[in-house]
Amino acid sequence: MVTYQSRETLPSFLATLAEAGGGNPQVVVVDNGSSDGTVDYAAAVPDVELAEAGRNLGYGGGANLGASGMGEEWLLVVNPDIAFQPGCLDELLAVAARWPRAGVLGPRIHTLDGRLYPSARELPSLGRGIVHATVGWIWPANPWTASYRREWGTPVEGTTGWLSGSCLLLRREAFESVGGFDEGYFMYFEDTDLCERIAAEGWEVVYAPSATVVHQGGHSTSQNLEPMSRAHHASAYRYLSRRYAGPRWALLRVVLRSGLWARYQLSRRLGRVVHGAQPMRRA
């Protein structure tokens, strides 16, 4: 678990983890430089290993640090503002047993008000990405965003493009086969990138909606809206520019950079992180 200013959410996370199963998992808290008492609290909890990064490594960097000293078959990378439903980890492992080539699995995610968070998504395509980025936050039900986020209908167990990094069960072999998270992503898109690279190695990315968590969401980003918005747009460019690399796509990358810069400026004017990830319906 990667923490940053997470003192408020950490106690409830640990309380629900105790009911989640998973065979008494080893808990490693990687703190990215909190100053709100997170470190003192985590250090005082029995059976929790604390790793202080000393600075903010970002989400992927913190997760890699926490995973580096563990030897178990499965790794759970999770936000501290997650609350597990009873038996959630047992169910994730049961789904993993049904999918022997699963390299990464993710549960159904609800928001605090009971809405379904769009976790299992298609990998971004250029066409869907442009429409989603330009109108998804003002017209969230548009068909391009809906096809990207796949949030209509009943959630079904199966393979998908990528899963929310707020709660990921990773097969260590698959995680290490791609070198873990790309630490060039400070925040955002590191989960998209990881799932895509794991799938490219022949593993499956599996949505497991029979396992459920509740995600408070935004407990850290709400404290740092402007830098988080900047990080989101920088990560979007990093991801897309790598998908469209080489001289052939040079002009497209210029257009993408310009468009994302304009969207970032808009987000600054609105005073929010504009990433179009608002939940659409009740589960």
# chains A, B, ... in the order shown; residues from 1 in each chain; ligands from 1
>>> select_by_dssp(residues="stretch 17-262 of chain A", states="alpha helix (DSSP H)", output="MDAnalysis selection string")
chainID A and resid 17 38:44 58:67 88:98 126:135 143:149 172:177 190:200 225:243 250:262
>>> select_by_dssp(residues="stretch 73-125 of chain A", states="strand (DSSP E or B)", output="list in words")
Trp74, Leu75, Leu76, Val77, Val78, Ile82, Ala83, Phe84, Ala102, Gly103, Val104, Leu105, Gly106, Pro107, Arg108, Ile109, His110, Arg115, Leu116, Tyr117 and Arg121 of chain A
>>> closest_residue(among="A:Gly179, A:Val214, A:Arg98, A:Val39", to="A:Glu201", atoms="only C-alpha atoms")
A:Gly179
>>> closest_residue(among="A:Ala43, A:Val213, A:Leu256, A:Met187", to="A:Leu92", atoms="only C-alpha atoms")
A:Val213
>>> closest_residue(among="A:Leu126, A:Ile109, A:Ala199, A:Val206", to="A:Gly158", atoms="only C-alpha atoms")
A:Val206
>>> closest_residue(among="A:Glu190, A:Glu196, A:Asp36, A:Asp90", to="A:Ala236", atoms="only C-alpha atoms")
A:Glu190
>>> atom_distance(atom1="atom CA of A:Met70", atom2="atom CA of A:Thr212")
24.8 Å
>>> closest_residue(among="A:Leu163, A:Ala63, A:Val254, A:Ala96", to="A:Glu122", atoms="only C-alpha atoms")
A:Leu163
>>> atom_distance(atom1="atom CA of A:Arg7", atom2="atom CA of A:Tyr41")
7.1 Å
>>> closest_residue(among="A:Gln85, A:Ser166, A:Asn32, A:Thr38", to="A:Arg55", atoms="only C-alpha atoms")
A:Asn32
>>> residues_around(residues="A:Arg238", least_positions_apart="5", cutoff="12 Å", atoms="only C-alpha atoms", output="ChimeraX atom specification")
/A:182-190,192-193,231-233,243-245,253,256-257,260
>>> residues_around(residues="A:Gln26", least_positions_apart="6", cutoff="9 Å", atoms="only C-alpha atoms", output="list of chain:residue names")
A:Asp47, A:Val48, A:Glu49, A:Met70
>>> write_last_selection(atoms="C-alpha atoms", output="PDB file, in the first residue's frame")
ATOM      1  CA  ASP A  47       2.340  -6.896  11.834  1.00  0.00           C
ATOM      2  CA  VAL A  48       2.652  -3.921   9.462  1.00  0.00           C
ATOM      3  CA  GLU A  49       6.018  -3.350   7.805  1.00  0.00           C
ATOM      4  CA  MET A  70       8.365  -9.645  -0.969  1.00  0.00           C
TER       5      MET A  70
END
